[in-house]
$ cat work03.tsv   # TSV, C-alpha atoms
chain	number	residue	atom	x	y	z
A	229	MET	CA	51.83	25.20	-33.96
A	230	ASN	CA	53.87	26.71	-36.75
A	231	LEU	CA	54.53	30.35	-35.83
A	232	ILE	CA	57.22	32.73	-37.03
A	233	GLU	CA	57.91	35.99	-35.24
A	234	GLU	CA	59.64	38.85	-37.02
A	235	LYS	CA	60.49	42.33	-35.87
A	236	ILE	CA	59.57	44.73	-38.70
A	237	LYS	CA	60.06	48.42	-37.97
A	238	ASP	CA	58.39	48.98	-34.60
A	239	PHE	CA	56.12	45.97	-34.92
A	240	ASN	CA	56.32	42.42	-33.68
A	241	VAL	CA	54.73	40.51	-36.53
A	242	LEU	CA	53.55	36.98	-35.86
A	243	PHE	CA	53.09	34.90	-39.02
A	244	VAL	CA	50.71	31.99	-38.46
A	245	LYS	CA	51.90	29.29	-40.84
A	246	ASP	CA	49.21	26.70	-40.14
A	247	GLU	CA	46.15	26.50	-42.39
A	248	ARG	CA	43.89	25.71	-39.51
A	249	ILE	CA	43.38	27.17	-36.03
A	250	ASP	CA	41.07	25.06	-33.88
A	251	ALA	CA	40.85	23.71	-30.33
A	252	HIS	CA	43.85	21.49	-31.05
A	253	ASN	CA	46.36	24.32	-31.53
A	254	SER	CA	44.65	27.55	-30.41
A	255	ALA	CA	46.13	27.28	-26.90
A	256	ASP	CA	49.62	27.36	-28.46
A	257	LEU	CA	48.74	30.58	-30.31
A	258	LYS	CA	47.25	32.12	-27.18
A	259	ASP	CA	50.27	31.21	-25.07
A	260	TYR	CA	52.71	32.47	-27.69
A	261	ILE	CA	51.01	35.87	-27.91
A	262	LEU	CA	50.88	36.17	-24.11
A	263	HIS	CA	54.56	35.36	-23.98
A	264	MET	CA	55.29	38.09	-26.57
A	265	ILE	CA	53.40	40.59	-24.41
A	266	GLU	CA	55.21	39.46	-21.27
A	267	LYS	CA	58.52	40.02	-23.06
A	268	GLY	CA	57.45	43.60	-23.75
A	269	ALA	CA	55.92	43.58	-27.23
A	270	VAL	CA	53.39	46.43	-27.50
A	271	ASN	CA	52.77	46.67	-31.25
A	272	ILE	CA	51.74	43.19	-32.31
A	273	VAL	CA	50.42	42.22	-35.72
A	274	VAL	CA	49.16	38.69	-36.37
A	275	GLN	CA	49.50	37.90	-40.06
A	276	LEU	CA	46.93	35.31	-41.09
A	277	GLU	CA	47.56	34.90	-44.82
A	278	GLN	CA	48.13	31.13	-44.61
A	279	VAL	CA	45.11	30.52	-42.40
A	280	LYS	CA	42.12	29.04	-44.20
A	281	PHE	CA	40.10	28.05	-41.17
A	282	VAL	CA	39.52	29.50	-37.70
A	283	ASP	CA	37.06	28.16	-35.13
A	284	SER	CA	35.69	29.81	-31.98
A	285	SER	CA	38.74	28.84	-29.92
A	286	GLY	CA	41.01	30.49	-32.52
A	287	LEU	CA	38.98	33.70	-32.37
A	288	GLY	CA	39.15	33.40	-28.57
A	289	ALA	CA	42.95	33.09	-28.62
A	290	LEU	CA	43.26	36.26	-30.71
A	291	LEU	CA	40.78	38.09	-28.49
A	292	SER	CA	42.76	37.04	-25.44
A	293	GLY	CA	45.90	38.49	-27.02
A	294	PHE	CA	44.06	41.69	-27.92
A	295	LYS	CA	42.82	42.17	-24.35
A	296	HIS	CA	46.21	41.47	-22.78
A	297	ALA	CA	47.97	43.85	-25.18
A	298	GLU	CA	45.39	46.53	-24.44
A	299	ALA	CA	45.85	46.02	-20.69
A	300	LYS	CA	49.53	46.88	-21.16
A	301	SER	CA	48.65	49.93	-23.28
A	302	GLY	CA	49.72	48.03	-26.37
A	303	GLN	CA	47.84	46.89	-29.42
A	304	LEU	CA	47.25	43.74	-31.37
A	305	ALA	CA	46.14	44.10	-34.99
A	306	LEU	CA	45.44	41.51	-37.67
A	307	SER	CA	46.39	41.41	-41.32
A	308	ASN	CA	45.92	39.43	-44.54
A	309	ILE	CA	42.76	37.62	-43.44
A	310	GLN	CA	41.20	35.35	-46.06
A	311	ASN	CA	37.57	36.08	-46.97
A	312	GLN	CA	35.95	33.02	-45.39
A	313	VAL	CA	37.88	33.59	-42.18
A	314	LEU	CA	37.00	37.28	-42.20
A	315	SER	CA	33.32	36.38	-42.37
A	316	MET	CA	33.69	34.64	-38.99
A	317	PHE	CA	35.00	37.89	-37.49
A	318	GLU	CA	32.01	39.68	-39.01
A	319	LEU	CA	29.51	37.14	-37.70
A	320	THR	CA	30.82	37.58	-34.15
A	321	ARG	CA	31.28	41.37	-34.63
A	322	LEU	CA	34.95	40.92	-33.74
A	323	ASN	CA	35.78	42.94	-36.87
A	324	ARG	CA	34.69	45.92	-34.77
A	325	VAL	CA	37.14	44.98	-32.01
A	326	PHE	CA	40.28	44.29	-34.01
A	327	GLU	CA	42.08	46.66	-36.28
A	328	ILE	CA	42.15	44.61	-39.49
A	329	HIS	CA	44.53	45.42	-42.34
A	330	ALA	CA	44.38	44.01	-45.85
A	331	ASP	CA	48.16	43.85	-46.03
A	332	LEU	CA	51.17	44.32	-43.75
A	333	ASN	CA	52.34	47.22	-45.91
A	334	ASP	CA	49.20	49.17	-44.98
A	335	ILE	CA	50.32	49.19	-41.37
A	336	PHE	CA	53.88	50.25	-42.07
A	337	GLU	CA	52.73	53.03	-44.39
A	338	ILE	CA	50.41	54.43	-41.74
A	339	ASP	CA	53.23	54.29	-39.27
A	340	SER	CA	55.85	56.01	-41.40
B	39	MET	CA	24.78	6.04	-62.44
B	40	ASN	CA	22.27	6.01	-59.60
B	41	SER	CA	21.78	9.13	-57.53
B	42	THR	CA	23.91	9.31	-54.42
B	43	ALA	CA	21.72	11.97	-52.84
B	44	ASN	CA	21.06	9.98	-49.69
B	45	PHE	CA	23.96	8.60	-47.72
B	46	GLN	CA	25.51	8.59	-44.27
B	47	VAL	CA	29.00	9.03	-42.90
B	48	ASP	CA	29.59	7.53	-39.49
B	49	VAL	CA	32.88	8.11	-37.67
B	50	VAL	CA	34.03	7.18	-34.18
B	51	ILE	CA	37.08	9.00	-32.83
B	52	PRO	CA	39.03	9.01	-29.56
B	53	THR	CA	38.29	12.08	-27.42
B	54	GLN	CA	41.36	13.95	-28.69
B	55	THR	CA	41.40	17.33	-30.41
B	56	LYS	CA	43.91	16.15	-33.02
B	57	TYR	CA	40.97	14.49	-34.81
B	58	LEU	CA	39.08	17.76	-35.26
B	59	ASN	CA	40.77	18.40	-38.59
B	60	LEU	CA	39.62	15.00	-39.87
B	61	ILE	CA	36.01	15.56	-38.83
B	62	GLY	CA	35.94	19.12	-40.19
B	63	SER	CA	37.47	18.01	-43.49
B	64	ILE	CA	34.73	15.42	-43.98
B	65	GLY	CA	32.17	18.22	-43.77
B	66	GLU	CA	34.11	20.27	-46.27
B	67	HIS	CA	34.27	17.38	-48.74
B	68	ILE	CA	30.58	16.65	-48.37
B	69	ALA	CA	29.71	20.28	-49.18
B	70	LYS	CA	31.91	20.25	-52.25
B	71	ASP	CA	30.46	16.96	-53.52
B	72	LEU	CA	26.76	17.65	-52.87
B	73	GLU	CA	24.61	17.07	-55.90
B	74	ASP	CA	21.97	19.60	-56.84
B	75	PHE	CA	23.11	22.25	-54.39
B	76	SER	CA	22.72	25.70	-55.89
B	77	GLY	CA	23.88	27.82	-52.94
B	78	ASP	CA	27.35	29.11	-52.10
B	79	ARG	CA	29.34	25.88	-51.97
B	80	GLU	CA	32.52	27.44	-50.57
B	81	ALA	CA	30.58	29.06	-47.73
B	82	LEU	CA	28.74	25.81	-46.99
B	83	ALA	CA	32.07	23.96	-46.95
B	84	TYR	CA	33.46	26.37	-44.34
B	85	HIS	CA	30.25	26.29	-42.32
B	86	LEU	CA	30.08	22.49	-42.19
B	87	ASN	CA	33.75	22.31	-41.31
B	88	LEU	CA	33.18	24.85	-38.53
B	89	VAL	CA	29.97	23.36	-37.14
B	90	LEU	CA	31.42	19.84	-37.10
B	91	THR	CA	34.58	21.16	-35.44
B	92	GLU	CA	32.63	23.07	-32.79
B	93	ALA	CA	30.21	20.22	-32.08
B	94	THR	CA	33.04	17.68	-31.82
B	95	THR	CA	35.11	19.99	-29.59
B	96	ASN	CA	32.07	20.34	-27.38
B	97	ALA	CA	31.63	16.58	-27.20
B	98	ILE	CA	35.31	16.07	-26.37
B	99	LYS	CA	35.07	18.68	-23.60
B	100	HIS	CA	31.99	16.99	-22.20
B	101	ALA	CA	33.40	13.49	-22.55
B	102	ASN	CA	33.90	11.07	-19.73
B	103	LEU	CA	37.31	12.18	-18.51
B	104	GLU	CA	37.73	9.13	-16.30
B	105	ASP	CA	37.65	6.80	-19.27
B	106	PRO	CA	40.78	7.06	-21.45
B	107	LYS	CA	39.09	4.86	-24.05
B	108	ASP	CA	36.06	7.14	-24.31
B	109	THR	CA	34.99	8.00	-27.84
B	110	VAL	CA	32.90	10.54	-29.70
B	111	ARG	CA	30.69	9.37	-32.54
B	112	VAL	CA	29.87	11.72	-35.39
B	113	ASN	CA	27.11	10.79	-37.80
B	114	ILE	CA	26.37	12.86	-40.88
B	115	ASP	CA	23.13	12.03	-42.61
B	116	ILE	CA	22.85	13.55	-46.07
B	117	GLN	CA	19.36	13.54	-47.46
B	118	GLU	CA	18.00	15.11	-50.58
B	119	LYS	CA	16.80	18.27	-48.92
B	120	GLU	CA	18.44	18.25	-45.51
B	121	LEU	CA	21.70	17.49	-43.80
B	122	ILE	CA	21.62	16.19	-40.24
B	123	ILE	CA	24.67	16.05	-37.99
B	124	ARG	CA	24.48	13.97	-34.84
B	125	VAL	CA	27.33	14.02	-32.34
B	126	TYR	CA	27.26	11.56	-29.45
B	127	ASP	CA	29.24	11.87	-26.21
B	128	HIS	CA	29.26	9.78	-23.03
B	129	GLY	CA	29.73	12.59	-20.52
B	130	GLN	CA	27.49	14.23	-17.93
B	131	GLY	CA	25.64	16.29	-20.52
B	132	PHE	CA	24.70	19.95	-20.32
B	133	ASP	CA	21.69	22.21	-20.69
B	134	LEU	CA	21.71	23.67	-24.19
B	135	GLU	CA	19.15	26.33	-23.32
B	136	SER	CA	21.31	27.67	-20.49
B	137	ILE	CA	24.03	28.73	-22.92
B	138	ALA	CA	23.31	32.28	-24.05
B	139	ASN	CA	24.58	33.91	-27.22
B	140	PRO	CA	27.68	36.09	-26.81
B	141	ASP	CA	27.40	39.71	-25.70
B	142	PHE	CA	28.86	41.44	-28.75
B	143	ASP	CA	29.48	44.68	-26.90
B	144	HIS	CA	31.59	42.85	-24.32
B	145	PRO	CA	33.21	40.03	-26.26
B	146	LYS	CA	34.59	37.11	-24.30
B	147	GLU	CA	36.78	34.22	-25.30
B	148	GLY	CA	34.18	31.51	-24.74
B	149	GLY	CA	30.64	30.88	-25.88
B	150	MET	CA	31.12	31.49	-29.59
B	151	GLY	CA	31.05	27.82	-30.61
B	152	LEU	CA	27.39	27.24	-29.95
B	153	PHE	CA	26.60	30.65	-31.42
B	154	PHE	CA	28.16	29.51	-34.72
B	155	ILE	CA	26.12	26.31	-34.70
B	156	ARG	CA	22.88	28.17	-33.97
B	157	THR	CA	23.57	30.90	-36.50
B	158	LEU	CA	24.88	28.87	-39.42
B	159	MET	CA	22.50	25.92	-39.16
B	160	ASP	CA	18.70	25.75	-38.99
B	161	SER	CA	18.10	23.95	-35.71
B	162	VAL	CA	20.02	22.40	-32.84
B	163	SER	CA	18.92	20.18	-29.97
B	164	TYR	CA	20.63	18.17	-27.24
B	165	LYS	CA	19.11	14.97	-25.96
B	166	ASN	CA	19.95	12.49	-23.23
B	167	LEU	CA	19.81	8.96	-24.55
B	168	ALA	CA	20.51	5.72	-22.73
B	169	GLY	CA	24.23	5.86	-21.96
B	170	SER	CA	25.02	8.84	-24.12
B	171	ASN	CA	24.04	12.37	-25.14
B	172	MET	CA	23.29	13.47	-28.66
B	173	LEU	CA	23.69	16.92	-30.17
B	174	GLU	CA	21.54	17.05	-33.28
B	175	ILE	CA	22.01	19.77	-35.86
B	176	ARG	CA	19.89	20.23	-38.96
B	177	LYS	CA	20.54	22.22	-42.09
B	178	SER	CA	18.22	22.57	-45.04
B	179	LEU	CA	19.89	22.10	-48.40
B	180	VAL	CA	17.21	23.80	-50.47
$ encode --input "work03.tsv" --output "structure tokens"
Amino acid sequence: MNLIEEKIKDFNVLFVKDERIDAHNSADLKDYILHMIEKGAVNIVVQLEQVKFVDSSGLGALLSGFKHAEAKSGQLALSNIQNQVLSMFELTRLNRVFEIHADLNDIFEIDS
Amino acid sequence: MNSTANFQVDVVIPTQTKYLNLIGSIGEHIAKDLEDFSGDREALAYHLNLVLTEATTNAIKHANLEDPKDTVRVNIDIQEKELIIRVYDHGQGFDLESIANPDFDHPKEGGMGLFFIRTLMDSVSYKNLAGSNMLEIRKSLV
């Protein structure tokens, strides 16, 4: 899976560069996020601007990351979700679980 | 030009998740090319992509793991007023009714795939046939 991690201010931002998250690559995403948490990341943002499609396993991978971050008193937020993808979060009510930001700048402004 | 309202797409893939993109994309193309569909085409394209992806993932998971040459067959039957997806696997099968919808107050990683199929389509059934199982999904196009 094509992932780019960047440290921006106090956040570990993970840019997902694939257009599609499904059962073929969701385990890679899940493992990567778990690895970030194991290395000590507590403020994680997954930036999904490039992602046009997420299936149930993709939502599951993000939920797994959210739960593991929370267990370590950290947080995992999402940003730049495309409309069709966002509707999948709404259908599963996961929009109530995740903190979802329209843009990365929103997060940094709140923080500063 | 004659109407192309009724046609079928029949695909047989190895039981590997790398083919999910192919199967999902077929659904997306079908939605975008449907004649006489007045609903939200972009939403239908996503939904067919998702439902085909989930159903095929399910079939791959339930495939015969002892047979490296096992395949999953996906048949999409486009009729004037209805679209029918049939996904065939050669595994042990499972009880569709035993799979509950997710508990939204206590979200878990699994169990959302079938929820999407049930929610986005009109009906779903799972049947044991001679030598294979068939997940049948129906969606009205009117």
$ closest_atom_pairs --input "work03.tsv" --of "range 231-318 of chain A" --to "range 55-67 of chain B" --cutoff "10 Å" --atoms "all atoms listed in the file" --output "Markdown table"
| residue | atom | partner | partner_atom | distance |
| --- | --- | --- | --- | --- |
| A:Arg248 | CA | B:Asn59 | CA | 8.0 |
| A:Ile249 | CA | B:Asn59 | CA | 9.5 |
| A:Asp250 | CA | B:Leu58 | CA | 7.7 |
| A:Ala251 | CA | B:Thr55 | CA | 6.4 |
| A:His252 | CA | B:Thr55 | CA | 4.9 |
| A:Asn253 | CA | B:Thr55 | CA | 8.6 |
| A:Phe281 | CA | B:Gly62 | CA | 9.9 |
$ closest_atom_pairs --input "work03.tsv" --of "chain A" --to "chain B" --cutoff "9 Å" --atoms "all atoms listed in the file" --output "CSV"
residue,atom,partner,partner_atom,distance
A:Arg248,CA,B:Asn59,CA,8.0
A:Asp250,CA,B:Leu58,CA,7.7
A:Ala251,CA,B:Thr55,CA,6.4
A:His252,CA,B:Thr55,CA,4.9
A:Asn253,CA,B:Thr55,CA,8.6
A:Phe281,CA,B:Tyr84,CA,7.5
A:Val282,CA,B:Leu88,CA,7.9
A:Asp283,CA,B:Leu88,CA,6.1
A:Ser284,CA,B:Gly151,CA,5.2
A:Ser285,CA,B:Glu147,CA,7.4
A:Leu287,CA,B:Glu147,CA,7.4
A:Gly288,CA,B:Glu147,CA,4.1
A:Ala289,CA,B:Glu147,CA,7.1
A:Leu290,CA,B:Glu147,CA,8.7
A:Leu291,CA,B:Glu147,CA,6.4
A:Ser292,CA,B:Glu147,CA,6.6
A:Gln312,CA,B:Ala81,CA,7.1
A:Val313,CA,B:Tyr84,CA,8.7
A:Met316,CA,B:Phe154,CA,8.7
A:Leu319,CA,B:Phe154,CA,8.3
A:Thr320,CA,B:Phe142,CA,6.9
A:Arg321,CA,B:Phe142,CA,6.4
A:Leu322,CA,B:Pro145,CA,7.7
A:Val325,CA,B:Pro145,CA,8.5
$ closest_residue --input "work03.tsv" --among "B:Leu86, B:Met172, B:Ala138, B:Leu179" --to "Glu118 in chain B" --atoms "only C-alpha atoms"
B:Leu179
$ atom_distance --input "work03.tsv" --atom1 "CA of Thr109 in chain B" --atom2 "CA of Leu72 in chain B"
28.1 Å
$ residues_around --input "work03.tsv" --residues "Ile123 in chain B" --least-positions-apart "2" --cutoff "9 Å" --atoms "only C-alpha atoms" --output "list in words"
Leu90, Val112, Asn113, Ile114, Asp115, Ile116, Leu121, Val125, Leu173, Glu174, Ile175, Arg176 and Lys177 of chain B
$ write_last_selection --input "work03.tsv" --atoms "C-alpha atoms" --output "mmCIF file, keeping the file's coordinate frame"
data_model
loop_
_atom_site.group_PDB
_atom_site.id
_atom_site.type_symbol
_atom_site.label_atom_id
_atom_site.label_comp_id
_atom_site.auth_asym_id
_atom_site.auth_seq_id
_atom_site.Cartn_x
_atom_site.Cartn_y
_atom_site.Cartn_z
ATOM 1 C CA LEU B 90 31.420 19.840 -37.100
ATOM 2 C CA VAL B 112 29.870 11.720 -35.390
ATOM 3 C CA ASN B 113 27.110 10.790 -37.800
ATOM 4 C CA ILE B 114 26.370 12.860 -40.880
ATOM 5 C CA ASP B 115 23.130 12.030 -42.610
ATOM 6 C CA ILE B 116 22.850 13.550 -46.070
ATOM 7 C CA LEU B 121 21.700 17.490 -43.800
ATOM 8 C CA VAL B 125 27.330 14.020 -32.340
ATOM 9 C CA LEU B 173 23.690 16.920 -30.170
ATOM 10 C CA GLU B 174 21.540 17.050 -33.280
ATOM 11 C CA ILE B 175 22.010 19.770 -35.860
ATOM 12 C CA ARG B 176 19.890 20.230 -38.960
ATOM 13 C CA LYS B 177 20.540 22.220 -42.090
#
$ closest_residue --input "work03.tsv" --among "B:Asp108, B:Ile98, B:Leu134, B:Asp74" --to "Val162 in chain B" --atoms "all atoms listed in the file"
B:Leu134
$ closest_residue --input "work03.tsv" --among "A:Leu257, A:Val273, A:Leu304, A:Ala299" --to "Lys237 in chain A" --atoms "only C-alpha atoms"
A:Val273
$ closest_residue --input "work03.tsv" --among "B:Val49, B:Ile137, B:Ser170, B:Asp127" --to "Lys99 in chain B" --atoms "only C-alpha atoms"
B:Asp127
$ residues_around --input "work03.tsv" --residues "Ala269 in chain A" --least-positions-apart "3" --cutoff "10 Å" --atoms "all atoms listed in the file" --output "list in words"
Lys235, Asp238, Phe239, Asn240, Val241, Ile261, Leu262, His263, Met264, Ile265, Glu266, Ile272, Ala297, Lys300, Gly302, Gln303 and Leu304 of chain A
$ atom_distance --input "work03.tsv" --atom1 "CA of Ala330 in chain A" --atom2 "CA of Ser254 in chain A"
22.6 Å
$ atom_distance --input "work03.tsv" --atom1 "CA of Ala168 in chain B" --atom2 "CA of Glu104 in chain B"
18.7 Å
$ closest_residue --input "work03.tsv" --among "B:Glu120, B:Val50, B:Arg111, B:Ala93" --to "Ile155 in chain B" --atoms "all atoms listed in the file"
B:Ala93
